[in-house]
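Okay, so here's the structure we're looking at.
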2 protein chains.
Amino acid sequence: MDTLSEFVSDYPDFPKEGILFKDIMPILASPKMFSEVVENMASSEIVKKAEAIIAIESRGFIFGSAIAIKAAKPLITARKPGKLPGDLVKKNYTLEYGESSLEIQRSALKSFSDFVIVDDLLATGGTAECVIKLLNKCKKRAIGISIVIELSALKARKRINIPIDSQVAY
Amino acid sequence: MDTLSEFVSDYPDFPKEGILFKDIMPILASPKMFSEVVENMASSEIVKKAEAIIAIESRGFIFGSAIAIKAAKPLITARKPGKLPGDLVKKNYTLEYGESSLEIQRSALKSFSDFVIVDDLLATGGTAECVIKLLNKCKKRAIGISIVIELSALKARKRINIPIDSQVAY
């Protein structure tokens with residue numbers, strides 16, 4: 001996987017000044033690299049041990065979905081407010097550029113206790129922490145986080161005390 | 001696939017009054033059904049003939065990603081405004097409940113001419129038509145649309161004159 005970083009493009013000052021945006025789209029454009037990344041994520045201990053996968057909207061859907069198929073695990077979505085119908089569990093969070101909340105359908109969680117959180121990128125860890133707390137509110141737990149890119153300088157590992165599996169770190 | 005409709009939940013008056021929301025989340029909760037749906041979509045003639053897959057944000061990412069992996073085709077995302085960095089092609093559209101626009105990275109399109117559009121649901125066809133026109137602006141073409149759910153009463157087929165492959169119609 002030493003060439004994965006060649007498939008991540010840097011965009012300075014996006015979406016706003018001072019942010020160096022890491023674009024994962026070139027990974028998706030390469031069937032070989034995309035498949036390799038998904039294979040590695042799906043075969044991790046964290047994913048193996050989890051009963052179900054929680055994918056964070058929107059780019060988390062891309063990896064969460066492919067991992068769910070590879071690992072044959074149920075896929076659950078954590079979505080932005082107003083997107084999911086039904087009885088929801090909700091939690092607010094602050095992130096690198098803004099504030100928002102995430103919602104999960106209560107019915108989607110009920111058959112399981114141990115979940116893995118999947119997203120494309122881990123920055124400050126605010127979004128992942130939101131999902132961890134949301135699960136805890138329901139007496140469930142996140143047993144780990146699987147992401148493609150980790151921005152180590154933002155120290156999410158200081159904030160999050162469950163195993164983190166990243167494919168490439170900056 | 002005659003049981004697929006058992007994995008689609010109805011929510012009346014969501015996200016607003018008068019809309020009957022079709023929720024695909026129960027499909028994702030069943031590894032067997034999700035895998036079957038993705039397998040069927042990925043093995044369609046439309047997907048086979050296409051050089052690359054365009055997945056529409058956000059639920060289209062879920063199916064587009066899994067299909068891209070199964071079919072070993074490049075995956076391109078059509079995103080809501082402000083989400084993608086770089087040089088973009090943009091097109092406005094009106095849909096069942098509101099107005100928006102979609103953006104695609106110009107660099108993602110450049111190596112291909114024939115694309116398949118993937119989404120979870122086809123209602124009035126406004127979103128799909130937006131992507132078709134966006135591709136045409138770039139002298140590219142959509143050779144078909146692959147979706148899970150088709151709402152036949154909304155007559156998207158009258159508006160869209162390329163092949164449409166749906167897994168279940170209402």
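By order of appearance in the structure tokens: chains A, B, ..., then residues from 1 within every chain, and ligands from 1 in the order shown.
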
Pull out every residue of chain B that has at least one atom within 7 Å of chain A, counting only C-alpha atoms, and report them as a PyMOL selection string.
chain B and resi 11+14+28-31+35+58+61-62+65-66+69+72-76+85

Keeping only N, CA and C atoms, write the selected residues to a file as a PDB file, in the first residue's frame.
```pdb
ATOM      1  N   TYR B  11     -42.509   5.425   4.390  1.00  0.00           N
ATOM      2  CA  TYR B  11     -42.735   6.465   5.404  1.00  0.00           C
ATOM      3  C   TYR B  11     -43.581   7.572   4.777  1.00  0.00           C
ATOM      4  N   PHE B  14     -42.860  12.066   4.465  1.00  0.00           N
ATOM      5  CA  PHE B  14     -41.449  12.340   4.738  1.00  0.00           C
ATOM      6  C   PHE B  14     -40.741  12.545   3.408  1.00  0.00           C
ATOM      7  N   LEU B  28     -29.764  -2.585   3.198  1.00  0.00           N
ATOM      8  CA  LEU B  28     -28.369  -2.540   3.654  1.00  0.00           C
ATOM      9  C   LEU B  28     -28.160  -3.360   4.930  1.00  0.00           C
ATOM     10  N   ALA B  29     -29.227  -3.473   5.706  1.00  0.00           N
ATOM     11  CA  ALA B  29     -29.150  -4.215   6.973  1.00  0.00           C
ATOM     12  C   ALA B  29     -29.080  -5.725   6.737  1.00  0.00           C
ATOM     13  N   SER B  30     -29.399  -6.156   5.521  1.00  0.00           N
ATOM     14  CA  SER B  30     -29.348  -7.583   5.183  1.00  0.00           C
ATOM     15  C   SER B  30     -28.195  -7.848   4.222  1.00  0.00           C
ATOM     16  N   PRO B  31     -27.085  -8.411   4.726  1.00  0.00           N
ATOM     17  CA  PRO B  31     -25.945  -8.650   3.831  1.00  0.00           C
ATOM     18  C   PRO B  31     -26.339  -9.472   2.599  1.00  0.00           C
ATOM     19  N   SER B  35     -26.155  -7.733  -1.073  1.00  0.00           N
ATOM     20  CA  SER B  35     -25.217  -8.350  -2.005  1.00  0.00           C
ATOM     21  C   SER B  35     -25.928  -8.779  -3.296  1.00  0.00           C
ATOM     22  N   SER B  58     -26.414  11.360  -1.951  1.00  0.00           N
ATOM     23  CA  SER B  58     -25.505  10.577  -1.133  1.00  0.00           C
ATOM     24  C   SER B  58     -25.828   9.089  -1.213  1.00  0.00           C
ATOM     25  N   PHE B  61     -24.053   6.858  -3.624  1.00  0.00           N
ATOM     26  CA  PHE B  61     -22.685   6.440  -3.289  1.00  0.00           C
ATOM     27  C   PHE B  61     -22.687   4.994  -2.783  1.00  0.00           C
ATOM     28  N   ILE B  62     -23.735   4.654  -2.032  1.00  0.00           N
ATOM     29  CA  ILE B  62     -23.812   3.333  -1.406  1.00  0.00           C
ATOM     30  C   ILE B  62     -23.842   2.231  -2.468  1.00  0.00           C
ATOM     31  N   SER B  65     -20.672   2.628  -5.254  1.00  0.00           N
ATOM     32  CA  SER B  65     -19.398   2.133  -4.753  1.00  0.00           C
ATOM     33  C   SER B  65     -19.313   0.611  -4.830  1.00  0.00           C
ATOM     34  N   ALA B  66     -20.345  -0.051  -4.337  1.00  0.00           N
ATOM     35  CA  ALA B  66     -20.339  -1.522  -4.330  1.00  0.00           C
ATOM     36  C   ALA B  66     -20.347  -2.081  -5.755  1.00  0.00           C
ATOM     37  N   ILE B  69     -16.843  -1.747  -7.336  1.00  0.00           N
ATOM     38  CA  ILE B  69     -15.945  -2.806  -6.875  1.00  0.00           C
ATOM     39  C   ILE B  69     -16.278  -4.126  -7.581  1.00  0.00           C
ATOM     40  N   ALA B  72     -15.435  -3.840 -11.253  1.00  0.00           N
ATOM     41  CA  ALA B  72     -14.073  -3.343 -11.488  1.00  0.00           C
ATOM     42  C   ALA B  72     -14.042  -2.185 -12.480  1.00  0.00           C
ATOM     43  N   LYS B  73     -14.910  -1.206 -12.229  1.00  0.00           N
ATOM     44  CA  LYS B  73     -14.964  -0.004 -13.086  1.00  0.00           C
ATOM     45  C   LYS B  73     -14.621   1.219 -12.236  1.00  0.00           C
ATOM     46  N   PRO B  74     -14.077   2.265 -12.855  1.00  0.00           N
ATOM     47  CA  PRO B  74     -13.801   3.494 -12.118  1.00  0.00           C
ATOM     48  C   PRO B  74     -15.084   4.109 -11.566  1.00  0.00           C
ATOM     49  N   LEU B  75     -14.973   4.704 -10.382  1.00  0.00           N
ATOM     50  CA  LEU B  75     -16.117   5.340  -9.732  1.00  0.00           C
ATOM     51  C   LEU B  75     -15.907   6.855  -9.689  1.00  0.00           C
ATOM     52  N   ILE B  76     -16.932   7.581 -10.142  1.00  0.00           N
ATOM     53  CA  ILE B  76     -16.897   9.042 -10.157  1.00  0.00           C
ATOM     54  C   ILE B  76     -18.094   9.530  -9.350  1.00  0.00           C
ATOM     55  N   PRO B  85     -13.398  19.522  -4.587  1.00  0.00           N
ATOM     56  CA  PRO B  85     -12.364  20.503  -4.918  1.00  0.00           C
ATOM     57  C   PRO B  85     -11.981  20.394  -6.404  1.00  0.00           C
TER      58      PRO B  85
END
```

Residue set, range 3-170 of chain A restricted to alpha helix (DSSP H), as a count of residues only
55

Assign secondary structure with DSSP using the backbone only, and return the residues of chain A in strand (DSSP E or B) as number ranges by chain.
A: 9-12, 20-23, 52-56, 75-79, 88-95, 98-105, 114-122, 141-150, 164-169

Least-squares superpose chain B on chain A across all ordered C-alpha pairs, then write out what you get as a compact mmCIF listing (two decimals) with C-alpha atoms, in the first residue's frame.
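Output contents, as saved in part32.txt:
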```
# COMPACT_ATOMS: atom_id res chain seq x y z
CA MET B 1 -0.03 -0.03 -0.04
CA ASP B 2 2.96 2.30 -0.23
CA THR B 3 1.57 3.96 -3.34
CA LEU B 4 -1.80 4.87 -1.82
CA SER B 5 -0.63 8.43 -1.18
CA GLU B 6 -0.16 8.86 -4.93
CA PHE B 7 -3.95 8.50 -5.20
CA VAL B 8 -4.68 11.25 -2.69
CA SER B 9 -4.68 14.80 -4.09
CA ASP B 10 -3.97 17.90 -2.01
CA TYR B 11 -6.12 21.03 -2.39
CA PRO B 12 -4.89 23.94 -0.24
CA ASP B 13 -7.50 26.35 1.18
CA PHE B 14 -10.49 24.08 0.49
CA PRO B 15 -13.30 24.25 1.55
CA LYS B 16 -11.97 27.36 3.30
CA GLU B 17 -8.68 29.19 3.89
CA GLY B 18 -6.15 27.37 6.01
CA ILE B 19 -7.55 23.88 5.35
CA LEU B 20 -5.46 21.47 3.28
CA PHE B 21 -8.12 19.24 1.70
CA LYS B 22 -7.16 15.62 1.05
CA ASP B 23 -9.15 14.39 -1.96
CA ILE B 24 -9.76 10.64 -2.10
CA MET B 25 -11.50 10.72 -5.51
CA PRO B 26 -8.38 9.51 -7.42
CA ILE B 27 -8.53 6.29 -5.35
CA LEU B 28 -12.05 5.64 -6.66
CA ALA B 29 -10.93 6.32 -10.22
CA SER B 30 -8.54 3.35 -10.00
CA PRO B 31 -10.44 0.05 -9.72
CA LYS B 32 -7.22 -1.67 -8.62
CA MET B 33 -6.35 0.79 -5.85
CA PHE B 34 -9.95 1.16 -4.67
CA SER B 35 -10.35 -2.61 -4.47
CA GLU B 36 -7.03 -2.96 -2.59
CA VAL B 37 -8.02 -0.31 -0.04
CA VAL B 38 -11.45 -1.89 0.52
CA GLU B 39 -9.91 -5.37 0.81
CA ASN B 40 -7.44 -4.13 3.45
CA MET B 41 -10.11 -2.32 5.42
CA ALA B 42 -12.55 -5.25 5.25
CA SER B 43 -9.96 -7.77 6.44
CA SER B 44 -8.91 -5.77 9.53
CA GLU B 45 -9.46 -7.26 13.00
CA ILE B 46 -11.79 -4.38 13.87
CA VAL B 47 -14.15 -5.13 10.99
CA LYS B 48 -13.95 -8.88 11.63
CA LYS B 49 -14.93 -8.43 15.28
CA ALA B 50 -17.75 -5.95 14.62
CA GLU B 51 -21.31 -7.19 14.16
CA ALA B 52 -22.24 -4.30 11.88
CA ILE B 53 -20.72 -1.34 10.03
CA ILE B 54 -21.71 2.28 10.60
CA ALA B 55 -20.85 4.47 7.61
CA ILE B 56 -20.74 8.24 8.08
CA GLU B 57 -22.37 10.48 5.44
CA SER B 58 -21.32 11.07 2.71
CA ARG B 59 -17.84 9.85 1.76
CA GLY B 60 -18.00 7.24 4.51
CA PHE B 61 -20.84 5.64 2.50
CA ILE B 62 -18.40 4.93 -0.32
CA PHE B 63 -16.03 2.87 1.80
CA GLY B 64 -18.59 1.56 4.29
CA SER B 65 -20.73 0.11 1.54
CA ALA B 66 -17.90 -1.70 -0.23
CA ILE B 67 -16.56 -3.02 3.09
CA ALA B 68 -20.01 -4.25 4.11
CA ILE B 69 -20.29 -6.23 0.88
CA LYS B 70 -16.75 -7.68 1.16
CA ALA B 71 -17.13 -8.57 4.83
CA ALA B 72 -20.80 -9.62 4.52
CA LYS B 73 -21.81 -7.45 7.48
CA PRO B 74 -24.93 -5.30 7.91
CA LEU B 75 -24.50 -1.66 6.87
CA ILE B 76 -25.99 1.19 8.92
CA THR B 77 -25.81 4.86 7.95
CA ALA B 78 -25.10 7.82 10.22
CA ARG B 79 -26.70 10.73 8.39
CA LYS B 80 -26.96 14.48 8.50
CA PRO B 81 -30.15 15.86 10.10
CA GLY B 82 -33.42 15.48 8.21
CA LYS B 83 -32.29 12.70 5.88
CA LEU B 84 -33.42 9.57 7.70
CA PRO B 85 -37.07 8.69 8.36
CA GLY B 86 -38.40 6.86 11.41
CA ASP B 87 -37.43 6.76 15.08
CA LEU B 88 -33.94 8.30 15.31
CA VAL B 89 -31.09 8.66 17.79
CA LYS B 90 -29.42 12.06 17.38
CA LYS B 91 -26.17 13.66 18.62
CA ASN B 92 -24.59 17.06 17.98
CA TYR B 93 -20.91 17.58 17.22
CA THR B 94 -18.42 20.28 16.26
CA LEU B 95 -15.91 19.66 13.49
CA GLU B 96 -12.94 21.25 11.74
CA TYR B 97 -15.15 23.62 9.77
CA GLY B 98 -18.56 24.05 11.37
CA GLU B 99 -21.13 22.37 13.58
CA SER B 100 -23.72 19.70 12.81
CA SER B 101 -25.40 16.58 14.11
CA LEU B 102 -25.70 12.96 13.08
CA GLU B 103 -28.72 10.67 13.17
CA ILE B 104 -29.09 6.90 13.11
CA GLN B 105 -32.29 4.87 12.87
CA ARG B 106 -32.92 3.25 16.25
CA SER B 107 -34.28 0.10 14.60
CA ALA B 108 -31.02 -0.37 12.67
CA LEU B 109 -29.01 -0.70 15.90
CA LYS B 110 -31.28 -2.94 17.89
CA SER B 111 -29.99 -6.41 16.92
CA PHE B 112 -26.32 -5.64 17.60
CA SER B 113 -24.00 -4.45 20.35
CA ASP B 114 -20.55 -4.02 18.71
CA PHE B 115 -20.02 -1.69 15.75
CA VAL B 116 -17.15 -0.44 13.60
CA ILE B 117 -17.30 3.15 12.37
CA VAL B 118 -16.21 3.73 8.76
CA ASP B 119 -15.30 7.04 7.16
CA ASP B 120 -12.89 8.31 4.52
CA LEU B 121 -10.84 10.58 6.76
CA LEU B 122 -10.08 11.12 10.43
CA ALA B 123 -9.18 14.73 11.23
CA THR B 124 -9.93 16.03 14.75
CA GLY B 125 -12.10 12.97 15.39
CA GLY B 126 -15.20 15.04 16.15
CA THR B 127 -17.49 13.12 13.82
CA ALA B 128 -16.29 9.71 14.97
CA GLU B 129 -16.60 10.76 18.62
CA CYS B 130 -20.18 11.84 17.89
CA VAL B 131 -21.04 8.36 16.63
CA ILE B 132 -19.29 6.72 19.61
CA LYS B 133 -21.37 8.84 22.03
CA LEU B 134 -24.53 8.25 20.03
CA LEU B 135 -23.98 4.49 20.35
CA ASN B 136 -23.26 4.80 24.07
CA LYS B 137 -26.57 6.66 24.53
CA CYS B 138 -28.21 3.48 23.21
CA LYS B 139 -26.10 1.17 25.44
CA LYS B 140 -24.13 0.02 22.39
CA ARG B 141 -20.43 0.37 21.65
CA ALA B 142 -18.04 1.22 18.87
CA ILE B 143 -15.19 -1.30 19.01
CA GLY B 144 -13.06 0.57 16.47
CA ILE B 145 -12.76 3.01 13.64
CA SER B 146 -11.67 2.20 10.11
CA ILE B 147 -10.70 5.10 7.87
CA VAL B 148 -8.64 5.59 4.74
CA ILE B 149 -6.73 8.76 5.69
CA GLU B 150 -5.58 9.86 9.13
CA LEU B 151 -4.41 13.43 9.71
CA SER B 152 -2.06 12.66 12.62
CA ALA B 153 -1.29 16.30 13.39
CA LEU B 154 -4.91 16.82 14.47
CA LYS B 155 -4.43 14.21 17.22
CA ALA B 156 -7.73 12.34 17.02
CA ARG B 157 -6.07 9.44 18.88
CA LYS B 158 -5.78 11.63 22.00
CA ARG B 159 -9.54 12.13 21.95
CA ILE B 160 -10.65 8.66 20.92
CA ASN B 161 -9.70 5.66 23.01
CA ILE B 162 -10.81 2.81 20.77
CA PRO B 163 -8.64 1.12 18.09
CA ILE B 164 -8.17 3.09 14.87
CA ASP B 165 -7.22 1.40 11.61
CA SER B 166 -6.00 3.85 8.94
CA GLN B 167 -4.63 3.06 5.50
CA VAL B 168 -2.37 6.11 5.24
CA ALA B 169 -1.37 8.81 7.75
CA TYR B 170 -0.14 12.37 7.18
```
